[in-house]
Structure formats: structure tokens, C-alpha cells
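> Take a look at the following structure, please.
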Amino acid sequence: MAKILIVDDEPHMRLLVSAMLKSDKHELCVAENGQSAMDLLKDGGFDVMITDLVMPTKNGIDLIMEIKQALPQLKIIAMSGGGGINGRFDYLPIAKLIGAENILRKPFKREDLSSAVEDILATHN
Amino acid sequence: MAVVNTDILQHSGIRQEKQRSVAAAPAITYRLFLPVILLVVIYSWPTIIVLLTAVSVWISAVLFRWVSVTHTAVNATPSKLSSGIKQLGADLGDLTQSCHKDISTLTSEFDRLSSVQTTAIGGLMQSFTGLEAQTRGLRELVVAAMAKLTSHSSGDGSGSKISHEVNNLIQVFQDNISSLGEGSRQLVDMFNIMREHIDGINRLLKEIEGISSQTNLLALNAAIEAARAGEAGRGFAVVADEVRSLSTRSNQFSTQIRTRFTTTQEAMHKAAYTVGRMAALDMKMSMNSQGRIADIMNEMEHMNGDVATNLQQVDQITSQINHDVGVAVRSLQFEDMTTQLIQHMRNRVLAIDSIQTILGEAAATMVRSAGEETAGSIEHACQLLLQAKDRKKSLANNGPVAQKDMQGGSVDLF
Ligand SMILES: [Mg+2]
């Protein structure tokens, strides 16, 4: 059982990811953008953060880079449609490049999400 | 009738009473003078004859006077009548002359009115016809503009054709950038592969460092064992020493490799963050520009809507102007009616003038005939007056145009 923060600007996506992880008996929190995620993370206690990349206010790439500096022990799973808005970048590999332990390309199945979380927790412990 | 009879009865009643009160006095006079008269008649009948003769002479004088006066009046009539007729004829002549003058002024004014009206209405007609043509042209332009605007609109409420085209253009632009971005994606992939390799190298390096440290430990143990073996272990001690020095050298190498590896890892890390920052910047820009494009599209849609509304209003106003101008042009066509009315008034005035002329002639005849043998002349004047009367009658029968308003469709003139 781990304390997990779910970050996505889409409300239905926050609900969906929360629902997918509920049966795994994790402690779940949600944030709607990078800024409010940072505020929650500073309070501490989180093991894993599952974050969207394309978000207003503070995007997932900036959030991951900041976390890798401030909270290097926090494990990160990046989830995204992948392709950048104008197709110049595929944000998911970049998330991995800057330190995300795992990436999930939307749309993903419940099992993909569960195993990504389990993998990270296993490596962590 | 009863009332009248009563009146008559009442009247006669009054008369009877009056007669009764008046008759009382003559009755007394009669009784007093009757014997006197009888005495006079008996004793002075020659005086009565003289008196009767005097009365008859007086009556004859009165009659003679009446006859002479009447005769004098009959003698005076022809000269007074002649001067009266002459005066009357002269006055009538003056009056007809004055009327003739007025009528000639009136006809010339009618002519001027007619000409001014024709000129003015001709000008108005021309300008209104021009205006009508202009508004028709304007309306055609507006309709064309609206058609163009509508054709640029998809009509299904999903936005205008122009904004679709702009979207397509942006898509093409993005596709181009995307194909250019293929390189950057490959770069990111290679970075990730390098990162994995670096992690692998790191693991290998740790392995080497472990081996080296173990070898060093092994060499140390071998040296200790060789020392314990004494003379017999001297050769082995040399080998152990060599192994140790080898391990030291290996350790030195691995330290050097570690230093270089760390530098590479840091550079790799920096490169990854640079790519990360670029991607984040790209994301922000894209989000903003996407929003901006959406705003611009919305603005364009709004503007299109506004232009369409304005054009519709212009179209309405133009068709209203067109209608008004049509009414004006139609109304102006009633010039014919007014012209005919003026012509009719003119003719009527001329007819009146001809009557005046006849009257003038009659007046002249009267003047001429005054003091002469009059029967023929007066007959001629009477004939002239009859002629004038007939003309007046025919003038009354010849009515003006019946059209009284300017409603089209019921025009009986043209
Ligand atoms: Mg998002």
C-alpha cells in the first residue's frame, strides 16, 4: 500500500485513474495542475506521483524536473496522449529522459496502470 | 280654416262694435242737420247748382293736371332710357374688358405653371429614375456580398469556410513542423538509449570496481599467506605483489573511468533537462497559440456574423429606398393628370373669355343702339346673350378629369 498523488487537468481523467487504483488499496490524492501538485507534495508522505504532461499553469515536464531536484526519492509515472500539441515533440520519452520512472501512453488499461505502479514500488523497496 | 274663420268672426265683431259707437254721433248730426238741409234745398237750389258746377270744374282741373303730368313723363322716357342703356353698355364693356385682361393674365400664368411643372417633374423623374437604378445596383452588390459571405459559411453552424481553410492551413503547417520534429523525436529516443547505456556502463563500472577491490583484497591475503610460508612462499609473494599492483592500477583506471563517466552522466542529465525545458516551452507556446487561434477563429466568426447582420440591414434599407423611389416615380407619372387638369382649367378660362367677348359685343351693341331705333339692335343683343348662355351651358357639361388621387391601377388618364 502506497500513498499516490494523481495529477491531471481533466476532471474525468482524475476520477478514472482514481477508480482504476481504488481496488489496489492505495491512499489516493488528486491535483488539477503542477502547481497544486507541488503544494501537496511539499506536505510530504507521497511514494508515487502519476502525472499528466499537458496541463495549464504548470505542465508535467516542468513538474517532473522540479521534483527530481527537490524530492529525488519520489517515484514518477508520466501519462500522456504522448504527441505534443503541434507534433514537434513526443512528450512521453522526454518525461522518461528527465527522470520519470515509468510512462503510460493514453489510453491505457487498468492492468497497465496497476503493473506500472507495482513495478515502481517493487524497484523502490 | 277654423282659425281664419274665427279671426274673421272676431274681426267682424270688433267692426260691429266700432260701427255702433261711431254711428251714435252721425245719428245726432243727421237729426240736427236734416231739417237745415231740407230748408236749404227748398230755398237755395241755384246755389247748389253753382256749387255742383264749381266741384265739376275742380275735378276737371285735377284730371287735366293728372293727364298733363302723365303726358310729360311719357315724353321724357326715351332720352333717360337711352342714356341709361348707354351707361349700362359702357360699364358692361369696361367690366368685360377688365375681365378679359385678367383672363389673359390667368392663361399666361397657366402656361407658365404648366411649363414649370413639366420642367420640374421632368428633372425629378430623371433624378428618381437615376436613384432607382443606383439603389438597384447597390442592392445587387449587397445581395452578391451576402451570397459570398454565405458561401464562405459552411451552413452547418460549425464555422465559416474561411476558418476551416485557416484551420487546414494551420494543420499543414503543423504537419510540416511535425515532419521537421521527427528529428527531435529521434534525438530524444537516442538520448534515452544513451541514458540506458550509461546506466549499463554505471552498473559495469560498479562491477569492475568490485572486482578490482576484491582482487586487491585477494592480493593482500596472498601476500600475507606468502609471508607466512617463509622462503618457500617468496616466489608466490612476488606474484601476489604483482596482482596487488595490477588491482591498484585497475582501481586507478576505474576511478578515472568513474570520473569521466560522472562527467558524461552530468552532461547527459543537463542535455535531458535542456530537452525537457524545450519541450515544456513548446508545450506552453502550443497551448497559448492553440488558444489564440481559437480566439482568432471565434473573432472571425463573430465578425462574419456582424457583417452578415449589417448586410441584411443594408439590404432591408435599400429595398425600402427602392420601394420609396418606385412610389415617387409612379407618383411623378401623375404629371399627366395635373397637366391635363391645368389644360382643362385653361380651356375653361378661355371659354369664359369667349363668353366675355360675346358679352362685350352685346354691351357694344347696347351702346350703339342707345337713342336709335332699338328693336333690331336689342334683338341682336338678346341673340348674343342667348349664345353666351348656350356656351356657358356646354362649358358646365364639359367636366374635368375624374381622377382625384394618386393610387395606381385606377387611373383613367393614361
Ligand atoms: Mg492534460
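Convention: chains lettered A, B, ... in C-alpha cells order; per-chain residue numbering from 1; ligands numbered from 1 as shown.
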I want to know what sits within 12 Å of segment 19-28 of chain A, based on only C-alpha atoms, with residues of the same chain fewer than 2 positions away left out; could you give that as a ChimeraX atom specification?
/A:1-7,12-17,30-31,40,45-50,108-118,121
> Give the residue list for ligand 1 at 6 Å, counting only C-alpha atoms and all ligand atoms, as an MDAnalysis selection string, sorted by chain and then by residue number.
chainID A and resid 8:10 52 54:55
> Residues as selected, N, CA and C atoms, written as a compact mmCIF listing (two decimals), in the first residue's frame, can you do that?

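What follows is the written file result.txt:
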# COMPACT_ATOMS: atom_id res chain seq x y z
N ASP A 8 -3.84 15.57 -12.98
CA ASP A 8 -4.36 15.74 -14.37
C ASP A 8 -5.30 16.92 -14.40
N ASP A 9 -5.26 17.69 -15.52
CA ASP A 9 -6.15 18.86 -15.62
C ASP A 9 -7.57 18.45 -16.01
N GLU A 10 -7.71 17.24 -16.56
CA GLU A 10 -9.05 16.77 -16.93
C GLU A 10 -9.72 16.10 -15.73
N ASP A 52 -0.11 13.76 -15.52
CA ASP A 52 -0.35 14.12 -16.92
C ASP A 52 0.76 15.07 -17.33
N VAL A 54 0.50 17.42 -20.40
CA VAL A 54 -0.02 18.67 -20.97
C VAL A 54 -1.08 19.24 -20.02
N MET A 55 -0.67 20.26 -19.29
CA MET A 55 -1.56 20.90 -18.30
C MET A 55 -1.29 22.40 -18.30
> For chain B against chain A, with a cut-off of 9 Å and counting only C-alpha atoms, what is the closest atom pair and its distance in Å to one decimal for every residue that makes the cut, ordered by chain and number, as a Markdown table?

| residue | atom | partner | partner_atom | distance |
| --- | --- | --- | --- | --- |
| B:Gln171 | CA | A:Asn86 | CA | 8.8 |
| B:Gln174 | CA | A:Asn86 | CA | 5.6 |
| B:Asp175 | CA | A:Gly87 | CA | 7.5 |
| B:Ile177 | CA | A:Arg88 | CA | 6.2 |
| B:Ser178 | CA | A:Gly87 | CA | 4.7 |
| B:Ser179 | CA | A:Arg88 | CA | 7.9 |
| B:Leu180 | CA | A:Arg88 | CA | 7.4 |
| B:Gly181 | CA | A:Arg88 | CA | 4.3 |
| B:Glu182 | CA | A:Arg88 | CA | 7.1 |
| B:Ser184 | CA | A:Phe89 | CA | 6.8 |
| B:Arg185 | CA | A:Phe89 | CA | 5.8 |
| B:Val188 | CA | A:Ile94 | CA | 6.4 |
| B:Asp189 | CA | A:Pro93 | CA | 6.8 |
| B:Phe191 | CA | A:Leu97 | CA | 7.1 |
| B:Asn192 | CA | A:Leu97 | CA | 5.7 |
| B:Arg195 | CA | A:Leu97 | CA | 7.6 |
| B:His269 | CA | A:Ile98 | CA | 7.4 |
| B:Ala272 | CA | A:Ile98 | CA | 5.5 |
| B:Tyr273 | CA | A:Ile98 | CA | 5.9 |
| B:Val275 | CA | A:Ile94 | CA | 7.1 |
| B:Gly276 | CA | A:Ile94 | CA | 6.1 |
| B:Arg277 | CA | A:Asp62 | CA | 7.1 |
| B:Ala279 | CA | A:Phe89 | CA | 6.5 |
| B:Ala280 | CA | A:Ile61 | CA | 5.7 |
| B:Asp282 | CA | A:Arg88 | CA | 8.0 |
| B:Met283 | CA | A:Gly84 | CA | 6.8 |
| B:Lys284 | CA | A:Pro56 | CA | 7.8 |
| B:Ser286 | CA | A:Ile85 | CA | 6.0 |
| B:Met287 | CA | A:Ile85 | CA | 7.3 |
| B:Gln290 | CA | A:Ile85 | CA | 8.3 |
> Could you save those same residues with C-alpha atoms as an mmCIF file, in the first residue's frame?

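And here is the file that came out, result-v9.cif:
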data_model
loop_
_atom_site.group_PDB
_atom_site.id
_atom_site.type_symbol
_atom_site.label_atom_id
_atom_site.label_comp_id
_atom_site.auth_asym_id
_atom_site.auth_seq_id
_atom_site.Cartn_x
_atom_site.Cartn_y
_atom_site.Cartn_z
ATOM 1 C CA GLN B 171 -2.800 21.722 -39.906
ATOM 2 C CA GLN B 174 1.791 21.691 -38.071
ATOM 3 C CA ASP B 175 2.357 18.665 -40.307
ATOM 4 C CA ILE B 177 6.713 21.132 -38.239
ATOM 5 C CA SER B 178 5.848 17.602 -37.235
ATOM 6 C CA SER B 179 7.995 16.130 -40.005
ATOM 7 C CA LEU B 180 10.780 18.515 -39.014
ATOM 8 C CA GLY B 181 10.178 17.492 -35.419
ATOM 9 C CA GLU B 182 10.770 13.856 -36.396
ATOM 10 C CA SER B 184 13.998 15.969 -32.487
ATOM 11 C CA ARG B 185 11.934 12.918 -31.535
ATOM 12 C CA VAL B 188 15.100 12.192 -27.674
ATOM 13 C CA ASP B 189 14.940 8.453 -28.405
ATOM 14 C CA PHE B 191 19.155 10.274 -25.605
ATOM 15 C CA ASN B 192 17.013 7.705 -23.872
ATOM 16 C CA ARG B 195 20.799 7.043 -20.815
ATOM 17 C CA HIS B 269 21.494 14.924 -17.345
ATOM 18 C CA ALA B 272 17.970 15.801 -20.852
ATOM 19 C CA TYR B 273 16.890 18.838 -18.848
ATOM 20 C CA VAL B 275 15.343 18.895 -23.937
ATOM 21 C CA GLY B 276 12.818 18.912 -21.067
ATOM 22 C CA ARG B 277 12.826 22.707 -20.853
ATOM 23 C CA ALA B 279 9.565 20.552 -24.570
ATOM 24 C CA ALA B 280 7.918 22.429 -21.692
ATOM 25 C CA ASP B 282 6.981 24.159 -26.713
ATOM 26 C CA MET B 283 4.023 22.883 -24.738
ATOM 27 C CA LYS B 284 3.276 26.309 -23.269
ATOM 28 C CA SER B 286 1.446 25.420 -28.301
ATOM 29 C CA MET B 287 -1.219 25.729 -25.635
ATOM 30 C CA GLN B 290 -3.868 26.944 -29.813
#
> May I ask for the distance between atom CA of Asp94 of chain B and atom CA of Leu395 of chain B, given in Å to one decimal place?
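According to the coordinates, atom CA of Asp94 of chain B and atom CA of Leu395 of chain B are separated by 23.9 Å.
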> Taking only chain A into account, list the residues labelled strand (DSSP E) by DSSP (computed from the backbone), as a PDB file with N, CA and C atoms, in the first residue's frame.

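Once everything was written out, this is result_39.pdb:
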ATOM      1  N   LYS A   3       1.151   5.723  -0.821  1.00  0.00           N
ATOM      2  CA  LYS A   3       0.416   6.995  -0.936  1.00  0.00           C
ATOM      3  C   LYS A   3       0.723   7.573  -2.327  1.00  0.00           C
ATOM      4  N   ILE A   4      -0.345   7.737  -3.106  1.00  0.00           N
ATOM      5  CA  ILE A   4      -0.164   8.123  -4.515  1.00  0.00           C
ATOM      6  C   ILE A   4      -0.891   9.447  -4.802  1.00  0.00           C
ATOM      7  N   LEU A   5      -0.168  10.311  -5.539  1.00  0.00           N
ATOM      8  CA  LEU A   5      -0.783  11.574  -5.976  1.00  0.00           C
ATOM      9  C   LEU A   5      -1.086  11.482  -7.478  1.00  0.00           C
ATOM     10  N   ILE A   6      -2.346  11.773  -7.833  1.00  0.00           N
ATOM     11  CA  ILE A   6      -2.753  11.751  -9.250  1.00  0.00           C
ATOM     12  C   ILE A   6      -2.922  13.204  -9.716  1.00  0.00           C
ATOM     13  N   VAL A   7      -2.177  13.540 -10.785  1.00  0.00           N
ATOM     14  CA  VAL A   7      -2.228  14.926 -11.292  1.00  0.00           C
ATOM     15  C   VAL A   7      -2.721  14.917 -12.745  1.00  0.00           C
ATOM     16  N   GLU A  27      -3.488   4.765  -0.921  1.00  0.00           N
ATOM     17  CA  GLU A  27      -4.046   6.029  -0.447  1.00  0.00           C
ATOM     18  C   GLU A  27      -3.903   7.031  -1.594  1.00  0.00           C
ATOM     19  N   LEU A  28      -5.045   7.601  -2.026  1.00  0.00           N
ATOM     20  CA  LEU A  28      -5.025   8.422  -3.246  1.00  0.00           C
ATOM     21  C   LEU A  28      -5.352   9.889  -2.968  1.00  0.00           C
ATOM     22  N   CYS A  29      -4.606  10.755  -3.653  1.00  0.00           N
ATOM     23  CA  CYS A  29      -4.897  12.194  -3.630  1.00  0.00           C
ATOM     24  C   CYS A  29      -4.912  12.682  -5.072  1.00  0.00           C
ATOM     25  N   VAL A  30      -5.613  13.781  -5.324  1.00  0.00           N
ATOM     26  CA  VAL A  30      -5.631  14.334  -6.691  1.00  0.00           C
ATOM     27  C   VAL A  30      -5.255  15.815  -6.682  1.00  0.00           C
ATOM     28  N   ALA A  31      -4.650  16.230  -7.808  1.00  0.00           N
ATOM     29  CA  ALA A  31      -4.342  17.650  -8.021  1.00  0.00           C
ATOM     30  C   ALA A  31      -4.646  17.970  -9.473  1.00  0.00           C
ATOM     31  N   VAL A  48       4.495   7.742  -4.686  1.00  0.00           N
ATOM     32  CA  VAL A  48       4.403   7.766  -6.155  1.00  0.00           C
ATOM     33  C   VAL A  48       3.542   8.944  -6.607  1.00  0.00           C
ATOM     34  N   MET A  49       3.949   9.522  -7.740  1.00  0.00           N
ATOM     35  CA  MET A  49       3.110  10.537  -8.381  1.00  0.00           C
ATOM     36  C   MET A  49       2.822  10.077  -9.814  1.00  0.00           C
ATOM     37  N   ILE A  50       1.526  10.036 -10.153  1.00  0.00           N
ATOM     38  CA  ILE A  50       1.130   9.726 -11.540  1.00  0.00           C
ATOM     39  C   ILE A  50       0.661  11.051 -12.146  1.00  0.00           C
ATOM     40  N   THR A  51       1.434  11.519 -13.142  1.00  0.00           N
ATOM     41  CA  THR A  51       1.106  12.864 -13.650  1.00  0.00           C
ATOM     42  C   THR A  51       0.873  12.919 -15.157  1.00  0.00           C
ATOM     43  N   ASP A  52      -0.108  13.756 -15.515  1.00  0.00           N
ATOM     44  CA  ASP A  52      -0.354  14.120 -16.917  1.00  0.00           C
ATOM     45  C   ASP A  52       0.761  15.071 -17.328  1.00  0.00           C
ATOM     46  N   LYS A  75       8.885   8.595  -6.706  1.00  0.00           N
ATOM     47  CA  LYS A  75       8.837   7.866  -7.982  1.00  0.00           C
ATOM     48  C   LYS A  75       7.724   8.449  -8.861  1.00  0.00           C
ATOM     49  N   ILE A  76       8.035   8.532 -10.132  1.00  0.00           N
ATOM     50  CA  ILE A  76       7.101   9.235 -11.038  1.00  0.00           C
ATOM     51  C   ILE A  76       6.658   8.340 -12.199  1.00  0.00           C
ATOM     52  N   ILE A  77       5.346   8.333 -12.432  1.00  0.00           N
ATOM     53  CA  ILE A  77       4.796   7.725 -13.643  1.00  0.00           C
ATOM     54  C   ILE A  77       4.172   8.862 -14.460  1.00  0.00           C
ATOM     55  N   ALA A  78       4.665   9.024 -15.706  1.00  0.00           N
ATOM     56  CA  ALA A  78       4.086  10.065 -16.576  1.00  0.00           C
ATOM     57  C   ALA A  78       3.055   9.423 -17.488  1.00  0.00           C
ATOM     58  N   MET A  79       1.901  10.093 -17.610  1.00  0.00           N
ATOM     59  CA  MET A  79       0.882   9.586 -18.548  1.00  0.00           C
ATOM     60  C   MET A  79       0.489  10.727 -19.486  1.00  0.00           C
ATOM     61  N   SER A  80       0.324  10.364 -20.754  1.00  0.00           N
ATOM     62  CA  SER A  80       0.008  11.409 -21.737  1.00  0.00           C
ATOM     63  C   SER A  80      -0.492  10.767 -23.013  1.00  0.00           C
ATOM     64  N   ASN A 102       8.469   5.608 -15.020  1.00  0.00           N
ATOM     65  CA  ASN A 102       7.629   4.835 -15.923  1.00  0.00           C
ATOM     66  C   ASN A 102       6.747   5.785 -16.732  1.00  0.00           C
ATOM     67  N   ILE A 103       6.377   5.308 -17.924  1.00  0.00           N
ATOM     68  CA  ILE A 103       5.471   6.143 -18.744  1.00  0.00           C
ATOM     69  C   ILE A 103       4.279   5.309 -19.201  1.00  0.00           C
ATOM     70  N   LEU A 104       3.121   5.993 -19.303  1.00  0.00           N
ATOM     71  CA  LEU A 104       1.892   5.339 -19.779  1.00  0.00           C
ATOM     72  C   LEU A 104       1.290   6.181 -20.889  1.00  0.00           C
ATOM     73  N   ARG A 105       1.099   5.519 -22.036  1.00  0.00           N
ATOM     74  CA  ARG A 105       0.523   6.276 -23.147  1.00  0.00           C
ATOM     75  C   ARG A 105      -1.002   6.149 -23.100  1.00  0.00           C
TER      76      ARG A 105
END
> For Phe110 of chain B, which residue out of B:Met268, B:Ile342, B:Leu138, B:Leu246 is the nearest one, using only C-alpha atoms?
B:Ile342
> In Å, how far is it from atom CA of Asp102 of chain B to atom CA of Gly84 of chain B?
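Separation between atom CA of Asp102 of chain B and atom CA of Gly84 of chain B: 26.8 Å.
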> Quick one: distance from atom CA of Ile224 of chain B to atom CA of Glu207 of chain B in Å, one decimal?
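Interatomic distance, atom CA of Ile224 of chain B to atom CA of Glu207 of chain B: 25.5 Å.
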> Would you mind listing what lies within 10 Å of Ile201 of chain B as a ChimeraX atom specification, with only C-alpha atoms counted and same-chain residues fewer than 5 positions away left out?
/B:195-196,206-207,257-258,261
> Mind writing the picked residues with all heavy atoms as a compact mmCIF listing (two decimals), in the first residue's frame?

# COMPACT_ATOMS: atom_id res chain seq x y z
N ARG B 195 21.00 7.06 -22.26
CA ARG B 195 20.80 7.04 -20.81
C ARG B 195 20.80 5.60 -20.29
O ARG B 195 21.40 5.30 -19.25
CB ARG B 195 19.47 7.72 -20.47
CG ARG B 195 19.42 8.32 -19.09
CD ARG B 195 18.05 8.90 -18.83
NE ARG B 195 17.10 7.82 -18.57
CZ ARG B 195 16.34 7.75 -17.47
NH1 ARG B 195 16.41 8.69 -16.55
NH2 ARG B 195 15.49 6.74 -17.31
N GLU B 196 20.12 4.74 -21.04
CA GLU B 196 20.09 3.32 -20.65
C GLU B 196 21.50 2.74 -20.69
O GLU B 196 21.92 2.02 -19.77
CB GLU B 196 19.17 2.53 -21.60
CG GLU B 196 17.70 2.66 -21.21
CD GLU B 196 16.77 2.11 -22.28
OE1 GLU B 196 17.20 1.24 -23.08
OE2 GLU B 196 15.60 2.56 -22.32
N LYS B 206 30.60 -0.37 -11.66
CA LYS B 206 30.48 -0.80 -10.26
C LYS B 206 31.02 -2.23 -10.13
O LYS B 206 31.71 -2.55 -9.15
CB LYS B 206 29.01 -0.75 -9.81
CG LYS B 206 28.60 0.62 -9.30
CD LYS B 206 27.14 0.60 -8.85
CE LYS B 206 26.70 2.01 -8.41
NZ LYS B 206 25.25 2.11 -8.30
N GLU B 207 30.70 -3.03 -11.15
CA GLU B 207 31.17 -4.43 -11.18
C GLU B 207 32.71 -4.46 -11.19
O GLU B 207 33.35 -5.18 -10.41
CB GLU B 207 30.61 -5.12 -12.42
CG GLU B 207 30.64 -6.62 -12.40
CD GLU B 207 29.51 -7.27 -11.60
OE1 GLU B 207 28.58 -6.52 -11.18
OE2 GLU B 207 29.55 -8.46 -11.37
N ILE B 257 37.79 6.17 -15.06
CA ILE B 257 36.56 5.93 -15.85
C ILE B 257 35.35 6.52 -15.10
O ILE B 257 34.49 7.19 -15.68
CB ILE B 257 36.36 4.42 -16.12
CG1 ILE B 257 37.39 3.93 -17.13
CG2 ILE B 257 34.95 4.13 -16.64
CD1 ILE B 257 37.50 2.40 -17.21
N ARG B 258 35.29 6.32 -13.81
CA ARG B 258 34.19 6.84 -12.99
C ARG B 258 34.09 8.37 -13.13
O ARG B 258 33.00 8.92 -13.30
CB ARG B 258 34.43 6.42 -11.53
CG ARG B 258 33.60 7.09 -10.45
CD ARG B 258 32.11 6.82 -10.51
NE ARG B 258 31.79 5.40 -10.33
CZ ARG B 258 30.60 4.87 -10.61
NH1 ARG B 258 29.63 5.64 -11.13
NH2 ARG B 258 30.37 3.58 -10.44
N PHE B 261 32.90 9.06 -16.44
CA PHE B 261 31.50 8.62 -16.52
C PHE B 261 30.58 9.64 -15.85
O PHE B 261 29.53 10.00 -16.36
CB PHE B 261 31.34 7.24 -15.85
CG PHE B 261 29.91 6.80 -15.75
CD1 PHE B 261 29.24 6.31 -16.87
CD2 PHE B 261 29.21 6.92 -14.55
CE1 PHE B 261 27.93 5.93 -16.77
CE2 PHE B 261 27.89 6.54 -14.46
CZ PHE B 261 27.24 6.04 -15.58
> Select, from B:Asn221, B:Arg391, B:Ala363, B:Leu385, the residue with the minimum atom-to-atom distance to Ala90 of chain B, counting only C-alpha atoms.
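Distance minimum relative to Ala90 of chain B lands on B:Ala363.
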